[in-house]
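Undergrad: Pasting in a structure now, in structure tokens, and then I'll have a few things to ask.
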Amino acid sequence: MSVTVTRAEIPLTRLPFAVAVVHKGDLTARPTWGLDEALAGVPGVFAANRYNFSLDQRLAIRGFGARSAFAVRGIKILLDGIPQTLPDGQGQLTHVDLGSADRVEVLRGSASALYGNASGGVISIWTDTRVPERANGEVRIVAGSFGRGDDGSNRTWTKWQGTGHFRVGDDGGATLNVSRLSYEGARDHSAADLRALSGRLRLPLGPAWSLTALADVGDQPRADNPGALNLTELGRNRDTVPPLNLATHAGKDVLQGQAGTTLRGTFPSGDEATLTVFGLARDVKNPQTFAYIRLKRAAYGTRAVFTRHGGGVTAGIDVQRQRDDRANFGNVGGTPDTVRSLDQLEHVTELGPFVQTVVDLTARTALTAGLRYDRVSFDARDRLVGDSSTDIKYRNDSGRRVMAALSGSLGATWRAAEAVTLYASTGSSFETPTTTELANRPDTAGGFNRDLSPQRAWTYEVGARGTKEAWEVALYQADVRDALVSFEIPASPGRRFFRNAGSARYRGVELAAGAAPLRGLGFRVTWTYSDFRYRRSAFTAGGTTHVLDGRRLPGIPQQALRLALRARPGSLRGAWGEIEAQYASPYAVDDTLSRQTSAWWVTNLRLGWEGTRAAPFVAVQNVFNRMYVGSVVVNAAAGRYYEPAPGRNLYVGFSYLYR
């Protein structure tokens, strides 16, 4: 098997990194709400579902990304080769529909030598852009229920999706995908409405060149934010919503569009070249408990890659530009007032040339090396200065920050046997604060926080894998400096601020294995052990100095386990069943307090039948109705750490293939 997450098509037998591939068939009978469904069986990945579409899921790869208060941080996201992570390191998932994914590739470990800023791990999503022999498509409808709420209403959700593949001319193809999720919420004040439209066009330009164009639109006119709970509220009623979230109508309204074009070709020498141009626009209305935020964002960029014949050397450059028009108003019952507390124009520019090489030392041994330089500049222009209508301030908080890093990687693979590959590697990563994190200053001033520095890490890893993804094992250590840590302050509940910790050490073991003991019966297990601790770190708050040396980092369980058993007896002619069990050990929720979540086991059951064209299915999530916390808000104020997951819930679905 070959993967492209390394920016060149390289067989797994030559790849000295931990990489997992999730195929479309692995997502059978899933709701396809978000990436946590695809990543649940990948070791080293902790996908915490908040069941809050206003904030997205909290995705972490080997600890990187665990601090995220919303969207995705510290992890590079790609969709059909086009970055969904902005130059400042913030990942956007508004228009990414998991139901349209053909496969998902996950690279675990520091990868800034490949992708630059915010590459503690990489998630590359690919849709099906193959040219069909004839027109075909799929219609899929799923509906579910969370049971009755406190008001007596039955909380339901529905998602429908339609996909069509068409021929264009003699050798071209096109794909169109449309979907809508109507979600009444697992808790009070958690309803959402998500609509997605995407198109793909692939055209040959002669025998050696091709052009691929894509366009995606994500419309999210409603995404209520139910907020997190303290321990008393969680024990009394998991549907409770903090009064401030209701009073301010906390939530989000987002419209985002993206377009991109990739030109790919092969020269007579066998060398390959790829040129990608892309851009996006995003309009956000975000009533929060502390302010009403308006953000208009535009971003664009280009990626040029050249690969020598045989994949020996890959070189290229990434250029991205981001423009944020940001304004914060007072929030009066979910509408903005006329007083601005923040009004500034922000620009972020990233420039990153890179080179990577793969050399076969022997028939069974390969050496991989990579080097990249990144320069990320942040500019803020304060527009409140001299505005007498605000009466807030008279100083100019405009400013500029430049953050640069040289990243490298080195690894080796050895095919110890026909079905066994051993590898060892080391690599670095760096992660700048995002524009939102730089703009959220504890002193509430404008401009950028000059006390906040980028996070840097070196990762060391050894591992082994079998063929056809039958099994893999990896051991790693990441030494992290200036770790970016999120926190809240009582004076501004719900608003996230950031500081740098001194140093931390991430150590872990990852294991995945599958077996088919009988025909029609498959079993797979994944296990992750994570020991993430501060080495040297201290900070002062409220006149008290807190020393964190040796304390566990919050937000990540020390152990995570998934067991899956799938049966498809040949005698039942298409009928299948799957039972899945997931476990997470207790984990800390605060840097300074010994508070933690409880351990939990959750069992899910799925049954279905696959015919030539029709495929009905039914599923029960959380079969034994366990009450557990699905995600947390790290270092939250007022003890509101806990984001509860739903109890037992049911959904049914049906898909139909047509030609």
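Simple scheme: letters A, B, ... for chains in structure tokens order, numbers from 1 for residues in each chain, numbers from 1 for ligands in the order shown.
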Run DSSP on the backbone of this structure and report the residues of stretch 75-199 of chain A it assigns to strand (DSSP E or B), as a ChimeraX atom specification.

TA: /A:76-79,82-83,85,90-91,101-108,121-127,136-148,154-168,172-183,192-199

Undergrad: Counting only C-alpha atoms, what are the residues of stretch 113-158 of chain A within 12 Å of stretch 214-222 of chain A, and for each of them which pair of atoms is the nearest and at what distance in Å, to one decimal? Sort the table by chain and rising number, as CSV.

TA:
```
residue,atom,partner,partner_atom,distance
A:Trp126,CA,A:Leu214,CA,11.9
A:Thr127,CA,A:Leu214,CA,10.5
A:Asp128,CA,A:Leu214,CA,11.8
A:Thr129,CA,A:Leu214,CA,9.9
```

Undergrad: Have a look at atom CA of A:Arg400 and atom CA of A:Asp324 and let me know their distance in Å, one decimal.

TA: 14.3 Å

Undergrad: For the atom pair atom CA of A:Arg519 and atom CA of A:Ala564, what is the interatomic distance in Å to one decimal place?

TA: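 Separating atom CA of A:Arg519 from atom CA of A:Ala564 is a distance of 16.1 Å.
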
Undergrad: Write out as a compact mmCIF listing (two decimals) with N, CA, C and O atoms, in the first residue's frame the residues lying within 10 Å of stretch 182-185 of chain A, counting only C-alpha atoms and excluding same-chain residues fewer than 5 positions away.

TA:
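result00.txt, freshly written:
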```
# COMPACT_ATOMS: atom_id res chain seq x y z
N TYR A 51 -20.20 16.89 21.19
CA TYR A 51 -21.61 16.96 20.81
C TYR A 51 -22.06 18.42 20.84
O TYR A 51 -23.14 18.75 21.32
N ASN A 52 -21.20 19.26 20.29
CA ASN A 52 -21.42 20.70 20.26
C ASN A 52 -20.87 21.20 18.93
O ASN A 52 -19.66 21.39 18.78
N PHE A 53 -21.75 21.39 17.94
CA PHE A 53 -21.30 21.77 16.61
C PHE A 53 -20.83 23.22 16.55
O PHE A 53 -20.28 23.65 15.54
N ALA A 143 -31.51 8.58 10.27
CA ALA A 143 -32.30 9.31 11.26
C ALA A 143 -32.12 8.65 12.62
O ALA A 143 -32.03 7.42 12.73
N GLY A 144 -32.04 9.49 13.66
CA GLY A 144 -31.83 8.95 14.99
C GLY A 144 -32.52 9.77 16.05
O GLY A 144 -33.09 10.84 15.78
N SER A 145 -32.49 9.25 17.28
CA SER A 145 -33.15 9.91 18.40
C SER A 145 -32.30 9.77 19.66
O SER A 145 -31.71 8.71 19.91
N PHE A 146 -32.26 10.86 20.47
CA PHE A 146 -31.59 10.84 21.76
C PHE A 146 -32.57 10.64 22.91
O PHE A 146 -32.18 10.68 24.08
N GLY A 149 -36.29 15.13 26.07
CA GLY A 149 -35.63 16.13 26.86
C GLY A 149 -36.46 16.54 28.05
O GLY A 149 -37.56 16.02 28.30
N SER A 153 -40.03 17.06 24.74
CA SER A 153 -39.88 16.87 23.30
C SER A 153 -38.91 15.72 23.01
O SER A 153 -38.02 15.43 23.80
N ASN A 154 -39.11 15.09 21.88
CA ASN A 154 -38.24 13.99 21.47
C ASN A 154 -37.11 14.56 20.63
O ASN A 154 -37.34 15.11 19.55
N ARG A 155 -35.87 14.47 21.11
CA ARG A 155 -34.73 15.05 20.41
C ARG A 155 -34.27 14.10 19.30
O ARG A 155 -33.79 13.01 19.57
N THR A 156 -34.42 14.54 18.08
CA THR A 156 -34.10 13.69 16.93
C THR A 156 -33.06 14.38 16.05
O THR A 156 -32.75 15.56 16.21
N TRP A 157 -32.54 13.63 15.11
CA TRP A 157 -31.65 14.18 14.10
C TRP A 157 -31.81 13.41 12.81
O TRP A 157 -32.19 12.23 12.81
N THR A 158 -31.57 14.05 11.70
CA THR A 158 -31.62 13.41 10.39
C THR A 158 -30.47 13.92 9.55
O THR A 158 -30.04 15.08 9.68
N LYS A 159 -29.94 13.05 8.71
CA LYS A 159 -28.95 13.47 7.73
C LYS A 159 -29.23 12.76 6.41
O LYS A 159 -29.40 11.54 6.39
N TRP A 160 -29.32 13.52 5.36
CA TRP A 160 -29.43 12.93 4.03
C TRP A 160 -28.26 13.40 3.18
O TRP A 160 -27.73 14.48 3.36
N SER A 190 -28.51 22.81 22.09
CA SER A 190 -27.39 22.25 21.33
C SER A 190 -27.79 21.90 19.90
O SER A 190 -27.12 21.11 19.24
N ALA A 191 -28.87 22.51 19.41
CA ALA A 191 -29.34 22.22 18.06
C ALA A 191 -28.37 22.78 17.02
O ALA A 191 -27.62 23.72 17.27
N ALA A 192 -28.40 22.17 15.82
CA ALA A 192 -27.52 22.61 14.74
C ALA A 192 -28.15 22.30 13.40
O ALA A 192 -28.98 21.38 13.27
N ASP A 193 -27.73 23.06 12.39
CA ASP A 193 -28.18 22.87 11.01
C ASP A 193 -26.96 23.02 10.13
O ASP A 193 -26.39 24.11 10.03
N LEU A 194 -26.52 21.92 9.49
CA LEU A 194 -25.32 21.92 8.67
C LEU A 194 -25.67 21.51 7.25
O LEU A 194 -26.29 20.46 7.04
N ARG A 195 -25.23 22.31 6.29
CA ARG A 195 -25.49 22.04 4.88
C ARG A 195 -24.17 22.09 4.12
O ARG A 195 -23.38 23.01 4.33
N ARG A 222 -27.04 27.63 12.02
CA ARG A 222 -27.32 27.49 13.44
C ARG A 222 -26.43 26.44 14.06
O ARG A 222 -26.30 25.33 13.52
N ALA A 223 -25.80 26.79 15.15
CA ALA A 223 -25.03 25.83 15.95
C ALA A 223 -25.01 26.36 17.37
O ALA A 223 -24.15 27.17 17.74
N ASP A 224 -25.97 25.95 18.19
CA ASP A 224 -26.08 26.42 19.56
C ASP A 224 -24.94 25.87 20.41
O ASP A 224 -24.47 24.75 20.19
N PRO A 226 -24.18 24.74 24.13
CA PRO A 226 -24.75 24.47 25.44
C PRO A 226 -23.77 24.69 26.60
O PRO A 226 -24.18 24.68 27.76
N PRO A 646 -24.00 11.71 25.23
CA PRO A 646 -25.38 11.21 25.34
C PRO A 646 -25.44 9.83 25.97
O PRO A 646 -24.47 9.05 25.93
```

Undergrad: Pick out the residues sitting within 12 Å of A:Asp36, and hand them over as an MDAnalysis selection string; count only C-alpha atoms, and ignore anything fewer than 2 positions along from it in its own chain.

TA: chainID A and resid 22 27 30:34 38:42 45:51 56:61 98 104 123 630:631

Undergrad: Return the single residue from A:Val254, A:Glu346, A:Asn225, A:Ala101 that is closest to A:Ser198, with distances computed using only C-alpha atoms.

TA: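 Under the stated criterion, the closest residue is A:Ala101.
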
Undergrad: Where in stretch 87-130 of chain A does DSSP assign helix (DSSP H, G or I), given as a PyMOL selection string?

TA: chain A and resi 98-100+112-115

Undergrad: Quick one: residues within 9 Å of A:Thr85, only C-alpha atoms counted, chain neighbours fewer than 4 positions away excluded, as JSON, numbers by chain?

TA: {"A": [72, 73, 75, 76, 77, 78, 89, 90, 91, 92, 118]}

Undergrad: Neighbouring residues of A:Phe278 were defined as those with any atom within 6 Å, considering only C-alpha atoms; residues of the same chain fewer than 6 positions away were excluded. Please report them as a list in words.

TA: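 Near neighbours after the sequence-gap exclusion: Ala259, Gly260, Tyr300 and Gly301 of chain A.
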
Undergrad: Stretch 201-275 of chain A near stretch 279-293 of chain A within 9 Å: what's each residue's closest atom pair and its distance in Å to one decimal, counting only C-alpha atoms, ordered by chain then ascending residue number, as CSV?

TA:
```
residue,atom,partner,partner_atom,distance
A:Asn225,CA,A:Gln288,CA,8.6
A:Leu244,CA,A:Thr289,CA,6.2
A:Asn245,CA,A:Thr289,CA,5.9
A:Leu246,CA,A:Thr289,CA,8.9
A:Ala247,CA,A:Thr289,CA,8.3
A:Thr248,CA,A:Thr289,CA,5.8
A:His249,CA,A:Pro287,CA,6.6
A:Ala250,CA,A:Gln288,CA,4.8
A:Gly251,CA,A:Pro287,CA,5.7
A:Lys252,CA,A:Asn286,CA,4.5
A:Asp253,CA,A:Lys285,CA,5.1
A:Val254,CA,A:Val284,CA,4.6
A:Leu255,CA,A:Asp283,CA,5.3
A:Gln256,CA,A:Arg282,CA,4.3
A:Gly257,CA,A:Ala281,CA,5.5
A:Gln258,CA,A:Leu280,CA,4.2
A:Ala259,CA,A:Gly279,CA,5.7
A:Gly260,CA,A:Gly279,CA,6.4
```

Undergrad: At what distance in Å, to one decimal, does atom CA of A:Asp549 lie from atom CA of A:Arg640?

TA: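 Separation of atom CA of A:Arg640 and atom CA of A:Asp549: 24.6 Å.
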
Undergrad: Closest to A:Phe523 among A:Arg7, A:Arg108, A:Arg562, A:Arg535, using only C-alpha atoms?

TA: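 Using only C-alpha atoms, the shortest distance to A:Phe523 belongs to A:Arg562.
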